[in-house]
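Working notes for the structure below.
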Amino acid sequence: MKLLETNPYSNCDFGDKRLTSRAVLIAESLKVKYGEPLSKIFNSNSDLKRSYEFFSNPKTTFDKLTQPSFKQTAQEIYGIPVILALGDTTYLDYKKILEKTEEYGPTGNGGNGLILHSSLAVDPDFGQPLGLLWEKLWHRQHKVPPPPGETSAAKKKRLKQERLRAKNRAFEEKESYRWVEAFQNIDFSYSAVSQRNMVRDTISRSLVR
């Protein structure tokens with residue numbers, strides 16, 4: 001596999017070159033102190049402030065930040081006969097941070113946060129990860145609390161209606177569709193770089209907290 005020669009974030013298109021430059025600087029800093037909070041990564045208050053402003057900017061969306069990296073991965077694996085695309089879902093649980101309520105949802109077992117589905121390119125001959133091909137970030141909707149004084153009969157009827165609505169949802173609205181969506185997007189990424197090698201999709205489920 002060829003070494004990556006450029007920072008993929010230099011190809012981010014936010015409609016503002018200053019934001020692209022900031023993305024590159026943040027990425028370079030994260031490489032040096034990966035896993036550390038931003039307050040420990042940046043030495044100056046001005047850099048820390050600009051980083052927070054970058055992530056809160058409505059132009060710096062998750063999709064725009066990740067697409068250049070996915071395309072670069074597709075280019076890097078060009079020519080390898082068979083690639084495994086391993087799909088998995090991660091639950092990002094922020095239930096201990098009480099302020100995180102907007103744009104977050106239940107993750108199971110009382111959790112509150114986001115859900116991330118990833119597709120990782122892996123060389124089957126050596127078991128070596130080659131990079132991320134696709135990711136999707138979303139959150140579940142909070143359930144409407146039951147009305148006060150709800151009787152057992154009313155609760156039973158309400159739960160039955162909720163199960164019926166869930167059953168009749170379009171497939172594209174269900175979480176299981178993420179695996180199909182992942183492979184569709186991988187196919188698109190491959191065609192974008194004239195990729196012709198075979199991709200096999202392996203699906204697994206796990207809970208990561």
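Simple scheme: letters A, B, ... for chains in structure tokens order, numbers from 1 for residues in each chain, numbers from 1 for ligands in the order shown.
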So that I can check the surroundings of stretch 140-145 of chain A, please list as a JSON list (two decimals) with all heavy atoms, in the first residue's frame every protein, DNA and RNA residue that reaches within 7 Å of it, counting only C-alpha atoms and ignoring chain neighbours fewer than 2 positions away.
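Printed below is out-v1.json as written:
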```json
[["chain", "number", "residue", "atom", "x", "y", "z"],
["A", 105, "GLY", "N", -29.80, 10.96, 21.31],
["A", 105, "GLY", "CA", -30.94, 10.09, 21.54],
["A", 105, "GLY", "C", -30.54, 8.85, 22.31],
["A", 105, "GLY", "O", -29.37, 8.63, 22.62],
["A", 106, "PRO", "N", -31.52, 8.00, 22.65],
["A", 106, "PRO", "CA", -31.23, 6.79, 23.43],
["A", 106, "PRO", "C", -30.34, 5.82, 22.67],
["A", 106, "PRO", "O", -30.47, 5.65, 21.46],
["A", 106, "PRO", "CB", -32.63, 6.21, 23.68],
["A", 106, "PRO", "CG", -33.49, 6.78, 22.60],
["A", 106, "PRO", "CD", -32.95, 8.14, 22.31],
["A", 138, "TRP", "N", -25.79, 9.19, 13.28],
["A", 138, "TRP", "CA", -27.17, 9.61, 13.48],
["A", 138, "TRP", "C", -27.56, 9.40, 14.94],
["A", 138, "TRP", "O", -26.77, 8.90, 15.75],
["A", 138, "TRP", "CB", -28.11, 8.83, 12.56],
["A", 138, "TRP", "CG", -28.43, 7.42, 12.96],
["A", 138, "TRP", "CD1", -29.52, 6.98, 13.64],
["A", 138, "TRP", "CD2", -27.64, 6.25, 12.69],
["A", 138, "TRP", "NE1", -29.46, 5.62, 13.82],
["A", 138, "TRP", "CE2", -28.32, 5.14, 13.24],
["A", 138, "TRP", "CE3", -26.42, 6.03, 12.04],
["A", 138, "TRP", "CZ2", -27.83, 3.85, 13.17],
["A", 138, "TRP", "CZ3", -25.93, 4.73, 11.97],
["A", 138, "TRP", "CH2", -26.63, 3.67, 12.52],
["A", 147, "PRO", "N", -48.65, 9.29, 29.06],
["A", 147, "PRO", "CA", -49.48, 10.30, 29.74],
["A", 147, "PRO", "C", -49.64, 9.98, 31.22],
["A", 147, "PRO", "O", -49.65, 8.80, 31.60],
["A", 147, "PRO", "CB", -50.81, 10.22, 28.99],
["A", 147, "PRO", "CG", -50.83, 8.85, 28.40],
["A", 147, "PRO", "CD", -49.41, 8.52, 28.08]]
```
| 9 Å contact set for A:Val122, only C-alpha atoms, chain neighbours under 2 positions out, as number ranges by chain | A: 83-86, 120, 124-131
| request: Name the residues of chain A that come out as strand (DSSP E or B) in a backbone DSSP run; write them as a count of residues only. | output: 46
| query | What does the distance from atom CA of A:Leu30 to atom CA of A:Ser69 come to in Å, to one decimal? | reply |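 Separation between atom CA of A:Leu30 and atom CA of A:Ser69: 15.0 Å.
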| atom CA of A:Arg165 to atom CA of A:Ala153, distance in Å rounded to a single decimal | 18.6 Å
| request: Kindly give the distance, in Å, that separates atom CA of A:Ala182 and atom CA of A:Thr90, rounded to a single decimal. | output: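 Answer for the atom CA of A:Ala182 to atom CA of A:Thr90 separation: 14.2 Å.
Residues in contact range of stretch 4-21 of chain A, defined as at most 9 Å between only C-alpha atoms, with sequence neighbours fewer than 5 positions away removed, read Ile26, Ala27, Glu28, Phe54, Lys59, Thr60, Thr61, Lys64, Leu65, Thr66, Gln67, Pro68, Ser69, Phe70, Lys71, Gln72 and Glu76 of chain A.
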| query | Quick one: residues within 8 Å of stretch 109-115 of chain A, only C-alpha atoms counted, chain neighbours fewer than 5 positions away excluded, as number ranges by chain? | reply | A: 89-95, 100-101, 104, 137-140
Export of prior selection with C-alpha atoms as a PDB file, in the first residue's frame:
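What ended up in result.pdb:
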```pdb
ATOM      1  CA  THR A  89     -22.016  -0.127  14.571  1.00  0.00           C
ATOM      2  CA  THR A  90     -20.643   1.815  17.533  1.00  0.00           C
ATOM      3  CA  TYR A  91     -22.776   3.438  20.232  1.00  0.00           C
ATOM      4  CA  LEU A  92     -21.331   6.726  21.497  1.00  0.00           C
ATOM      5  CA  ASP A  93     -22.756   7.070  24.987  1.00  0.00           C
ATOM      6  CA  TYR A  94     -22.695  10.512  26.637  1.00  0.00           C
ATOM      7  CA  LYS A  95     -25.193   9.841  29.408  1.00  0.00           C
ATOM      8  CA  LYS A 100     -25.792  16.781  25.855  1.00  0.00           C
ATOM      9  CA  THR A 101     -29.505  16.545  25.162  1.00  0.00           C
ATOM     10  CA  TYR A 104     -28.758  13.099  20.922  1.00  0.00           C
ATOM     11  CA  LEU A 137     -23.645   9.241  12.143  1.00  0.00           C
ATOM     12  CA  TRP A 138     -27.172   9.606  13.484  1.00  0.00           C
ATOM     13  CA  HIS A 139     -29.273   9.560  16.623  1.00  0.00           C
ATOM     14  CA  ARG A 140     -32.514   7.925  17.644  1.00  0.00           C
TER      15      ARG A 140
END
```
| query | Mind checking DSSP for stretch 11-161 of chain A and telling me the helix (DSSP H, G or I) residues as a PyMOL selection string? | reply | chain A and resi 11+17-32+38-41+45-56+62-76+152-161
| field | For A:Gly87, the nearest of the candidates A:Ser118, A:Asn168, A:Ser46, A:Ser56, counting only C-alpha atoms | value |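 Among the listed residues, the smallest separation from A:Gly87 belongs to A:Ser118.
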